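**Q** This is query30.csv, which holds CSV, C-alpha atoms:
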chain,number,residue,atom,x,y,z
T,567,LEU,CA,59.8,-15.8,-65.5
T,568,THR,CA,56.4,-15.2,-67.0
T,569,GLY,CA,56.5,-17.6,-69.9
T,570,ARG,CA,57.6,-15.3,-72.6
T,571,TRP,CA,61.0,-14.0,-73.9
T,572,PHE,CA,61.7,-10.5,-74.9
T,573,CYS,CA,61.7,-9.5,-78.5
T,574,GLU,CA,64.3,-6.9,-79.5
T,575,ALA,CA,62.8,-3.4,-80.0
T,576,VAL,CA,64.4,-1.8,-83.1
T,577,ALA,CA,64.1,1.6,-84.8
T,578,PRO,CA,64.2,2.4,-88.5
T,579,VAL,CA,67.3,3.7,-90.2
T,580,GLU,CA,66.4,5.6,-93.4
T,581,ALA,CA,68.9,5.2,-96.3
T,582,GLU,CA,69.0,8.2,-98.6
T,583,ARG,CA,66.9,7.8,-101.7
T,584,GLY,CA,68.1,8.5,-105.1
T,585,GLY,CA,71.1,6.3,-106.3
T,586,LEU,CA,71.7,2.7,-105.5
T,587,GLU,CA,73.4,1.3,-108.7
T,588,GLY,CA,70.7,0.9,-111.3
T,589,MET,CA,68.0,1.5,-108.7
T,590,GLY,CA,68.2,5.3,-108.1
T,591,CYS,CA,69.3,4.9,-104.4
T,592,ARG,CA,72.5,6.1,-102.7
T,593,VAL,CA,74.3,3.8,-100.3
T,594,LEU,CA,74.9,5.3,-96.9
T,595,GLU,CA,78.5,5.0,-95.9
T,596,LEU,CA,79.3,4.9,-92.1
T,597,GLU,CA,82.4,4.2,-90.0
T,598,ALA,CA,82.3,2.2,-86.7
T,599,GLU,CA,84.2,3.5,-83.7
T,600,LEU,CA,85.5,1.6,-80.7
T,601,LYS,CA,83.0,1.6,-77.7
T,602,LEU,CA,84.8,-0.8,-75.4
T,603,ASP,CA,88.2,-2.5,-75.4
T,604,CYS,CA,87.2,-5.9,-74.1
T,605,ALA,CA,89.6,-8.2,-76.1
T,606,THR,CA,87.1,-10.9,-76.8
T,607,ARG,CA,88.3,-14.0,-78.6
T,608,LEU,CA,84.9,-14.6,-80.2
T,609,GLY,CA,82.6,-11.7,-79.3
T,610,GLU,CA,79.0,-12.4,-80.1
T,611,CYS,CA,75.3,-11.8,-79.5
T,612,PRO,CA,75.0,-8.2,-78.5
T,613,LEU,CA,71.6,-7.8,-76.8
T,614,TRP,CA,70.0,-4.5,-75.7
T,615,ASN,CA,68.1,-4.6,-72.4
T,616,ASP,CA,65.5,-1.8,-72.8
T,617,LYS,CA,64.4,-2.0,-69.1
T,618,THR,CA,67.9,-1.4,-67.7
T,619,GLN,CA,69.3,0.5,-70.7
T,620,GLU,CA,72.3,-1.9,-70.7
T,621,LEU,CA,74.0,-3.9,-73.5
T,622,LEU,CA,74.7,-7.5,-72.9
T,623,PHE,CA,77.1,-9.5,-75.1
T,624,LEU,CA,79.3,-12.5,-74.8
T,625,ASP,CA,82.7,-14.1,-75.6
T,626,ILE,CA,82.1,-17.7,-76.8
T,627,ASP,CA,85.7,-18.9,-76.5
T,628,GLY,CA,86.4,-16.8,-73.4
T,629,LYS,CA,83.3,-18.3,-71.6
T,630,THR,CA,82.4,-14.8,-70.5
T,631,LEU,CA,79.2,-12.6,-70.5
T,632,PHE,CA,79.5,-8.8,-70.4
T,633,ARG,CA,77.2,-6.1,-69.2
T,634,LEU,CA,77.8,-2.6,-70.4
T,635,ASP,CA,75.9,0.2,-68.7
T,636,ALA,CA,74.8,3.6,-70.0
T,637,GLU,CA,77.9,5.3,-68.4
T,638,GLY,CA,80.3,2.9,-70.1
T,639,GLY,CA,81.0,0.8,-67.0
T,640,CYS,CA,81.5,-2.9,-67.9
T,641,THR,CA,81.0,-5.9,-65.7
T,642,ARG,CA,82.3,-9.4,-66.7
T,643,TYR,CA,80.8,-12.6,-65.6
T,644,ALA,CA,82.6,-16.0,-66.1
T,645,VAL,CA,80.2,-18.8,-67.1
T,646,PRO,CA,80.6,-22.5,-66.8
T,647,GLU,CA,80.4,-23.4,-70.5
T,648,ARG,CA,80.8,-21.7,-73.9
T,649,PRO,CA,77.7,-19.6,-74.5
T,650,GLY,CA,76.6,-19.4,-78.2
T,651,SER,CA,73.8,-16.8,-77.8
T,652,MET,CA,71.1,-15.7,-75.3
T,653,ALA,CA,67.8,-14.1,-74.7
T,654,LEU,CA,66.3,-12.0,-72.0
T,655,CYS,CA,63.3,-13.2,-70.0
T,656,ASP,CA,60.4,-10.9,-69.1
T,657,ASP,CA,61.6,-10.2,-65.6
T,658,GLY,CA,64.5,-8.3,-67.2
T,659,HIS,CA,67.3,-10.2,-65.4
T,660,THR,CA,66.9,-13.9,-66.0
T,661,LEU,CA,68.7,-15.1,-69.2
T,662,LEU,CA,68.0,-18.0,-71.4
T,663,VAL,CA,71.5,-19.0,-72.5
T,664,ALA,CA,72.3,-21.3,-75.4
T,665,PHE,CA,75.2,-23.0,-73.7
T,666,GLU,CA,77.3,-25.4,-75.7
T,667,ARG,CA,75.7,-28.5,-74.2
T,668,GLY,CA,72.2,-27.2,-74.1
T,669,PRO,CA,69.9,-24.3,-73.3
T,670,ALA,CA,69.5,-23.2,-69.6
T,671,LEU,CA,68.0,-20.5,-67.5
T,672,TYR,CA,70.7,-18.5,-65.9
T,673,GLN,CA,71.1,-15.7,-63.3
T,674,LEU,CA,74.3,-13.6,-63.9
T,675,GLU,CA,74.6,-12.4,-60.3
T,676,ALA,CA,74.0,-15.9,-58.8
T,677,GLY,CA,76.6,-17.6,-61.1
T,678,ALA,CA,77.0,-21.2,-62.1
T,679,GLY,CA,74.8,-22.5,-59.2
T,680,SER,CA,71.8,-21.0,-60.9
T,681,LEU,CA,72.2,-22.9,-64.2
T,682,ASP,CA,68.9,-24.6,-64.8
T,683,ARG,CA,69.4,-26.9,-67.8
T,684,LEU,CA,66.3,-27.3,-70.0
T,685,ALA,CA,67.6,-29.9,-72.5
T,686,GLU,CA,70.7,-31.6,-73.7
T,687,PHE,CA,71.9,-30.5,-77.1
T,688,GLU,CA,72.4,-33.1,-79.8
T,689,PRO,CA,74.0,-35.8,-77.7
T,690,ALA,CA,74.4,-37.9,-80.9
T,691,VAL,CA,76.6,-35.2,-82.5
T,692,PRO,CA,79.5,-35.1,-80.1
T,693,LYS,CA,81.3,-32.1,-81.8
T,694,SER,CA,78.3,-29.9,-82.2
T,695,ARG,CA,77.4,-26.9,-79.9
T,696,MET,CA,74.7,-24.3,-79.7
T,697,ASN,CA,75.5,-21.2,-81.7
T,698,ASP,CA,73.5,-18.3,-83.1
T,699,GLY,CA,70.0,-17.6,-81.7
T,700,ARG,CA,67.4,-14.9,-81.6
T,701,VAL,CA,63.8,-14.4,-80.3
T,702,ASP,CA,61.0,-14.4,-82.9
T,703,ARG,CA,58.0,-12.1,-82.7
T,704,GLN,CA,55.9,-14.8,-81.1
T,705,GLY,CA,58.3,-14.9,-78.1
T,706,ARG,CA,60.1,-18.2,-79.0
T,707,PHE,CA,63.9,-18.5,-78.9
T,708,ILE,CA,65.1,-19.9,-82.2
T,709,VAL,CA,68.7,-21.2,-82.0
T,710,GLY,CA,70.9,-23.3,-84.3
T,711,GLY,CA,73.9,-25.5,-83.9
T,712,TYR,CA,77.4,-25.5,-85.1
T,713,ASN,CA,79.2,-28.8,-85.9
T,714,GLU,CA,82.9,-28.1,-85.1
T,715,ASP,CA,84.2,-31.2,-86.8
T,716,GLY,CA,86.4,-29.4,-89.4
T,717,TRP,CA,85.6,-26.6,-91.9
T,718,PRO,CA,83.4,-26.8,-93.8
T,719,SER,CA,81.9,-29.3,-91.3
T,720,PRO,CA,79.3,-32.1,-92.0
T,721,ALA,CA,75.7,-30.8,-92.0
T,722,THR,CA,74.6,-33.0,-89.1
T,723,SER,CA,73.4,-30.2,-86.7
T,724,ALA,CA,70.0,-28.5,-86.9
T,725,ILE,CA,68.0,-25.4,-85.8
T,726,TYR,CA,65.6,-25.6,-82.9
T,727,CYS,CA,62.9,-23.7,-81.0
T,728,VAL,CA,62.7,-23.2,-77.2
T,729,ASP,CA,59.0,-22.6,-76.7
T,730,PRO,CA,58.2,-20.3,-73.8
T,731,SER,CA,55.2,-22.3,-72.6
T,732,SER,CA,56.8,-25.8,-72.5
T,733,LEU,CA,60.5,-24.8,-72.4
T,734,ALA,CA,61.1,-27.9,-74.6
T,735,LEU,CA,63.7,-28.0,-77.4
T,736,ARG,CA,61.9,-28.7,-80.7
T,737,ARG,CA,63.5,-29.0,-84.2
T,738,VAL,CA,62.3,-26.5,-86.8
T,739,ILE,CA,64.2,-27.5,-89.9
T,740,SER,CA,64.1,-30.8,-91.8
T,741,ARG,CA,67.6,-30.7,-93.4
T,742,GLY,CA,70.9,-30.7,-91.5
T,743,VAL,CA,73.1,-27.6,-91.0
T,744,SER,CA,76.8,-27.1,-90.3
T,745,CYS,CA,77.1,-23.6,-88.8
T,746,THR,CA,73.9,-21.7,-88.1
T,747,ASN,CA,74.0,-17.9,-88.3
T,748,SER,CA,72.0,-14.8,-89.3
T,749,ILE,CA,68.8,-15.9,-87.5
T,750,THR,CA,66.4,-12.9,-87.4
T,751,PHE,CA,62.8,-12.1,-88.2
T,752,SER,CA,60.7,-9.5,-90.0
T,753,GLN,CA,58.8,-7.0,-87.8
T,754,ASP,CA,55.4,-8.6,-88.5
T,755,GLY,CA,56.8,-12.1,-87.6
T,756,ALA,CA,55.8,-13.5,-91.0
T,757,THR,CA,59.3,-14.0,-92.4
T,758,ALA,CA,62.4,-15.6,-90.9
T,759,PHE,CA,66.0,-15.3,-92.1
T,760,PHE,CA,69.0,-17.5,-91.5
T,761,THR,CA,72.2,-18.9,-93.1
T,762,ASP,CA,74.5,-21.8,-92.9
T,763,SER,CA,78.0,-20.2,-92.9
T,764,CYS,CA,79.4,-23.4,-94.5
T,765,TRP,CA,77.1,-23.2,-97.6
T,766,LYS,CA,79.3,-23.1,-100.7
T,767,LYS,CA,77.0,-20.5,-102.1
T,768,ARG,CA,77.3,-17.6,-99.7
T,769,ARG,CA,73.7,-16.5,-99.1
T,770,ILE,CA,71.2,-15.4,-96.5
T,771,ALA,CA,68.0,-17.4,-96.8
T,772,ARG,CA,64.5,-16.0,-96.3
T,773,VAL,CA,61.5,-18.2,-95.2
T,774,PRO,CA,58.3,-16.3,-96.2
T,775,THR,CA,56.1,-19.0,-94.7
T,776,TYR,CA,57.6,-18.9,-91.2
T,777,GLY,CA,54.8,-17.1,-89.5
T,778,ALA,CA,52.3,-19.6,-90.7
T,779,THR,CA,54.3,-22.8,-90.2
T,780,GLY,CA,56.8,-22.0,-87.4
T,781,THR,CA,59.5,-23.9,-89.4
T,782,LEU,CA,62.5,-22.9,-91.5
T,783,ASP,CA,61.6,-25.2,-94.3
T,784,GLY,CA,60.8,-23.8,-97.8
T,785,ASP,CA,63.6,-21.1,-97.8
T,786,GLU,CA,64.5,-19.0,-100.8
T,787,ASP,CA,67.4,-16.7,-101.6
T,788,PHE,CA,67.3,-13.3,-99.9
T,789,VAL,CA,70.9,-12.1,-100.5
T,790,VAL,CA,73.5,-14.0,-102.6
T,791,TRP,CA,77.1,-12.8,-102.5
T,792,GLU,CA,78.5,-12.2,-105.9
T,793,GLU,CA,80.4,-15.0,-107.6
T,794,GLY,CA,84.1,-14.9,-106.7
T,795,GLY,CA,83.3,-12.1,-104.2
T,796,GLY,CA,86.3,-12.7,-102.0
T,797,PRO,CA,86.6,-14.1,-98.5
T,798,GLY,CA,84.2,-13.9,-95.7
T,799,ILE,CA,80.9,-15.4,-94.5
T,800,PRO,CA,77.5,-13.9,-93.4
T,801,ASP,CA,77.4,-14.0,-89.6
T,802,GLY,CA,74.9,-12.4,-87.2
T,803,ALA,CA,72.0,-10.3,-88.3
T,804,VAL,CA,69.1,-8.1,-87.1
T,805,VAL,CA,66.1,-6.6,-88.7
T,806,ASP,CA,65.2,-2.9,-88.0
T,807,ALA,CA,61.7,-1.4,-87.8
T,808,GLY,CA,62.0,-0.3,-91.4
T,809,GLY,CA,62.4,-3.9,-92.5
T,810,GLY,CA,66.1,-3.6,-93.3
T,811,LEU,CA,68.4,-6.5,-92.4
T,812,TRP,CA,71.8,-5.6,-91.0
T,813,SER,CA,74.3,-8.3,-91.7
T,814,ALA,CA,77.7,-8.7,-89.9
T,815,GLN,CA,80.1,-10.0,-92.5
T,816,PHE,CA,82.9,-12.0,-90.9
T,817,GLY,CA,86.2,-11.7,-92.8
T,818,ARG,CA,85.1,-8.6,-94.7
T,819,GLY,CA,85.3,-5.9,-92.0
T,820,GLN,CA,81.8,-4.5,-92.5
T,821,VAL,CA,78.2,-4.5,-91.6
T,822,VAL,CA,75.8,-4.2,-94.6
T,823,ARG,CA,72.1,-3.2,-94.5
T,824,TYR,CA,69.8,-4.7,-97.1
T,825,ASP,CA,66.4,-3.4,-97.7
T,826,PRO,CA,63.4,-5.8,-97.8
T,827,HIS,CA,64.2,-6.5,-101.5
T,828,GLY,CA,67.8,-7.5,-100.7
T,829,ARG,CA,69.3,-4.2,-102.1
T,830,VAL,CA,72.3,-2.6,-100.3
T,831,THR,CA,71.3,0.7,-98.6
T,832,ALA,CA,74.1,1.2,-96.0
T,833,VAL,CA,77.6,-0.1,-95.3
T,834,VAL,CA,79.3,0.3,-92.0
T,835,ARG,CA,83.1,-0.1,-92.2
T,836,VAL,CA,84.7,-1.8,-89.2
T,837,PRO,CA,88.5,-1.7,-88.6
T,838,VAL,CA,88.5,-5.4,-87.5
T,839,ARG,CA,88.0,-7.9,-90.3
T,840,HIS,CA,86.2,-10.4,-88.2
T,841,VAL,CA,82.8,-8.8,-87.6
T,842,THR,CA,80.5,-11.2,-85.8
T,843,CYS,CA,77.1,-9.8,-84.8
T,844,VAL,CA,74.9,-6.7,-84.4
T,845,ALA,CA,72.2,-5.2,-82.3
T,846,LEU,CA,70.2,-1.9,-82.2
T,847,GLY,CA,70.0,-0.2,-78.9
T,848,GLY,CA,70.4,3.1,-77.0
T,849,LYS,CA,67.7,5.4,-75.6
T,850,ASP,CA,66.3,6.0,-79.1
T,851,LEU,CA,67.2,2.5,-80.4
T,852,ARG,CA,69.2,4.1,-83.1
T,853,THR,CA,72.7,3.0,-82.1
T,854,LEU,CA,74.2,0.0,-83.9
T,855,TYR,CA,76.3,-2.2,-81.6
T,856,ILE,CA,78.8,-4.5,-83.3
T,857,THR,CA,80.8,-7.3,-81.8
T,858,THR,CA,84.1,-8.6,-83.3
T,859,ALA,CA,86.6,-11.4,-82.8
T,860,SER,CA,90.3,-11.4,-82.3
T,861,LYS,CA,90.4,-15.1,-83.0
T,862,LYS,CA,92.1,-16.0,-86.3
T,863,LEU,CA,93.8,-12.6,-86.5
T,864,SER,CA,97.6,-13.0,-86.9
T,865,PRO,CA,99.9,-11.1,-84.5
T,866,GLU,CA,100.7,-8.8,-87.5
T,867,GLN,CA,97.1,-8.0,-88.1
T,868,VAL,CA,96.4,-7.3,-84.5
T,869,ALA,CA,99.5,-5.0,-84.3
T,870,ALA,CA,98.2,-3.1,-87.4
T,871,LEU,CA,94.9,-2.2,-85.7
T,872,PRO,CA,94.4,0.8,-83.3
T,873,ALA,CA,94.8,-0.2,-79.7
T,874,GLY,CA,91.8,-2.1,-78.3
T,875,ASP,CA,90.1,-2.7,-81.6
T,876,ALA,CA,90.8,-6.4,-81.9
T,877,GLY,CA,87.9,-8.2,-80.2
T,878,GLY,CA,86.3,-4.8,-79.2
In structure tokens, write the structure found in this file.
**A**
Amino acid sequence: LTGRWFCEAVAPVEAERGGLEGMGCRVLELEAELKLDCATRLGECPLWNDKTQELLFLDIDGKTLFRLDAEGGCTRYAVPERPGSMALCDDGHTLLVAFERGPALYQLEAGAGSLDRLAEFEPAVPKSRMNDGRVDRQGRFIVGGYNEDGWPSPATSAIYCVDPSSLALRRVISRGVSCTNSITFSQDGATAFFTDSCWKKRRIARVPTYGATGTLDGDEDFVVWEEGGGPGIPDGAVVDAGGGLWSAQFGRGQVVRYDPHGRVTAVVRVPVRHVTCVALGGKDLRTLYITTASKKLSPEQVAALPAGDAGG
């Protein structure tokens, strides 16, 4: 550990110009295909390790971390608590894991005995756990909570920063949140994005002052779903090198790319309705990895899917 987390390296994806409704741009339509039949209950947090050319991801409810190598081989690691998200440390193998009861440094090969707890998470909110998190461009791990006391749940959790120098857990938003998601950052580090999946108005918020303040206060609308736009919530997100934000849309069976102005430039159709998170990876950083959840799918819905797609 050298005192700094990795930031995700991402490559641009160019949408074809000339036809987005009313804007003269055409929306790129894509179809996702199954990469791995892993049957996750709540797949989340795909994370590309550029040093090893491997994809890491997790199953929150299954208390499992996965490592997928370039040849398609997959190794599963049982972990002692539900992991909400994670980040890679500079050494390329130590993980900072947002476990349900608090962030910890963790070695996959060493297992539970290597868990080095950095802080306890919200002991005054007994039904909250750590959830979505991502590294900002300054090397800090920004991670939010999820209050599991019903749905929509009370906004008594918050969003925090794990600073690489102190390893302390510091709150970065004044108001409370219920279910943090969509944490990601612009390429220059000036702007942050996030959502609360329990907000009545489904939206992804943008914080243009993040680079200057280091907090998530003063947010504004980046994307607002149309009134009466059907089921679903914005879940995990990532920003590419072209400034586009890829949004996994849980309950809608799709990933949508928005340009820096919030306009749709690409839609990736996913067979599984419950799309959870995204990452860019591969040798050229142009492969979009998508996690899904089998949780909350009825037996009939699972049976209607191609084999292996549910939770793949």
**Q** If we count all atoms listed in the file and set the cut-off at 10 Å, which residues sit around Arg823 of chain T, ignoring sequence neighbours fewer than 6 positions away in its own chain? Please answer as an NGL selection string.
**A** :T and (579 or 581 or 593-594 or 803-806 or 809-814 or 829-834)
**Q** Please provide the set of residues having any atom within 12 Å of segment 851-855 of chain T, restricted to only C-alpha atoms, with same-chain residues fewer than 6 positions apart removed, written as a PyMOL selection string.
**A** chain T and resi 574-580+596-602+609-616+619-623+634+802-808+812-814+821-823+833-834+836+841-845+878
**Q** Using C-alpha atoms, can you export the residues from the last selection as an mmCIF file, in the coordinates of the input?
**A**
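The resulting file, out.cif, is shown below:
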data_model
loop_
_atom_site.group_PDB
_atom_site.id
_atom_site.type_symbol
_atom_site.label_atom_id
_atom_site.label_comp_id
_atom_site.auth_asym_id
_atom_site.auth_seq_id
_atom_site.Cartn_x
_atom_site.Cartn_y
_atom_site.Cartn_z
ATOM 1 C CA GLU T 574 64.300 -6.900 -79.500
ATOM 2 C CA ALA T 575 62.800 -3.400 -80.000
ATOM 3 C CA VAL T 576 64.400 -1.800 -83.100
ATOM 4 C CA ALA T 577 64.100 1.600 -84.800
ATOM 5 C CA PRO T 578 64.200 2.400 -88.500
ATOM 6 C CA VAL T 579 67.300 3.700 -90.200
ATOM 7 C CA GLU T 580 66.400 5.600 -93.400
ATOM 8 C CA LEU T 596 79.300 4.900 -92.100
ATOM 9 C CA GLU T 597 82.400 4.200 -90.000
ATOM 10 C CA ALA T 598 82.300 2.200 -86.700
ATOM 11 C CA GLU T 599 84.200 3.500 -83.700
ATOM 12 C CA LEU T 600 85.500 1.600 -80.700
ATOM 13 C CA LYS T 601 83.000 1.600 -77.700
ATOM 14 C CA LEU T 602 84.800 -0.800 -75.400
ATOM 15 C CA GLY T 609 82.600 -11.700 -79.300
ATOM 16 C CA GLU T 610 79.000 -12.400 -80.100
ATOM 17 C CA CYS T 611 75.300 -11.800 -79.500
ATOM 18 C CA PRO T 612 75.000 -8.200 -78.500
ATOM 19 C CA LEU T 613 71.600 -7.800 -76.800
ATOM 20 C CA TRP T 614 70.000 -4.500 -75.700
ATOM 21 C CA ASN T 615 68.100 -4.600 -72.400
ATOM 22 C CA ASP T 616 65.500 -1.800 -72.800
ATOM 23 C CA GLN T 619 69.300 0.500 -70.700
ATOM 24 C CA GLU T 620 72.300 -1.900 -70.700
ATOM 25 C CA LEU T 621 74.000 -3.900 -73.500
ATOM 26 C CA LEU T 622 74.700 -7.500 -72.900
ATOM 27 C CA PHE T 623 77.100 -9.500 -75.100
ATOM 28 C CA LEU T 634 77.800 -2.600 -70.400
ATOM 29 C CA GLY T 802 74.900 -12.400 -87.200
ATOM 30 C CA ALA T 803 72.000 -10.300 -88.300
ATOM 31 C CA VAL T 804 69.100 -8.100 -87.100
ATOM 32 C CA VAL T 805 66.100 -6.600 -88.700
ATOM 33 C CA ASP T 806 65.200 -2.900 -88.000
ATOM 34 C CA ALA T 807 61.700 -1.400 -87.800
ATOM 35 C CA GLY T 808 62.000 -0.300 -91.400
ATOM 36 C CA TRP T 812 71.800 -5.600 -91.000
ATOM 37 C CA SER T 813 74.300 -8.300 -91.700
ATOM 38 C CA ALA T 814 77.700 -8.700 -89.900
ATOM 39 C CA VAL T 821 78.200 -4.500 -91.600
ATOM 40 C CA VAL T 822 75.800 -4.200 -94.600
ATOM 41 C CA ARG T 823 72.100 -3.200 -94.500
ATOM 42 C CA VAL T 833 77.600 -0.100 -95.300
ATOM 43 C CA VAL T 834 79.300 0.300 -92.000
ATOM 44 C CA VAL T 836 84.700 -1.800 -89.200
ATOM 45 C CA VAL T 841 82.800 -8.800 -87.600
ATOM 46 C CA THR T 842 80.500 -11.200 -85.800
ATOM 47 C CA CYS T 843 77.100 -9.800 -84.800
ATOM 48 C CA VAL T 844 74.900 -6.700 -84.400
ATOM 49 C CA ALA T 845 72.200 -5.200 -82.300
ATOM 50 C CA GLY T 878 86.300 -4.800 -79.200
#
**Q** Please report the interatomic distance between atom CA of Asp785 of chain T and atom CA of Asp729 of chain T in Å with one decimal.
**A**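 For atom CA of Asp785 of chain T relative to atom CA of Asp729 of chain T, the distance reads 21.6 Å.
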**Q** Choose the residue, out of T:Asp875, T:Asp635, T:Glu792, T:Glu666, that has the smallest atom-to-atom separation from Val709 of chain T; count all atoms listed in the file.
**A**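 Checking each of T:Asp875, T:Asp635, T:Glu792, T:Glu666 against Val709 of chain T, counting all atoms listed in the file, the winner is T:Glu666.
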**Q** Restricting the calculation to all atoms listed in the file, which member of T:Ser864, T:Thr606, T:Asn697, T:Ser748 is positioned closest to Asp762 of chain T?
**A**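 Of all the options, T:Ser748 lies closest to Asp762 of chain T.
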**Q** As an MDAnalysis selection string, please: the residues near Gly755 of chain T (cut-off 12 Å, only C-alpha atoms, same-chain neighbours under 4 positions excluded).
**A** chainID T and resid 573 701:706 750:751 759 773:780 805 807 809
**Q** Let's have the selection written as a compact mmCIF listing (two decimals), in the coordinates of the input, with C-alpha atoms.
**A**
# COMPACT_ATOMS: atom_id res chain seq x y z
CA CYS T 573 61.70 -9.50 -78.50
CA VAL T 701 63.80 -14.40 -80.30
CA ASP T 702 61.00 -14.40 -82.90
CA ARG T 703 58.00 -12.10 -82.70
CA GLN T 704 55.90 -14.80 -81.10
CA GLY T 705 58.30 -14.90 -78.10
CA ARG T 706 60.10 -18.20 -79.00
CA THR T 750 66.40 -12.90 -87.40
CA PHE T 751 62.80 -12.10 -88.20
CA PHE T 759 66.00 -15.30 -92.10
CA VAL T 773 61.50 -18.20 -95.20
CA PRO T 774 58.30 -16.30 -96.20
CA THR T 775 56.10 -19.00 -94.70
CA TYR T 776 57.60 -18.90 -91.20
CA GLY T 777 54.80 -17.10 -89.50
CA ALA T 778 52.30 -19.60 -90.70
CA THR T 779 54.30 -22.80 -90.20
CA GLY T 780 56.80 -22.00 -87.40
CA VAL T 805 66.10 -6.60 -88.70
CA ALA T 807 61.70 -1.40 -87.80
CA GLY T 809 62.40 -3.90 -92.50
**Q** Distance atom CA of Gly847 of chain T-atom CA of Leu624 of chain T, one decimal place?
**A**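 Between atom CA of Gly847 of chain T and atom CA of Leu624 of chain T the gap is 16.0 Å.
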**Q** Atom CA of Thr746 of chain T to atom CA of Leu863 of chain T: how many Å, to one decimal?
**A**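 Spanning atom CA of Thr746 of chain T to atom CA of Leu863 of chain T is a straight-line distance of 21.9 Å.
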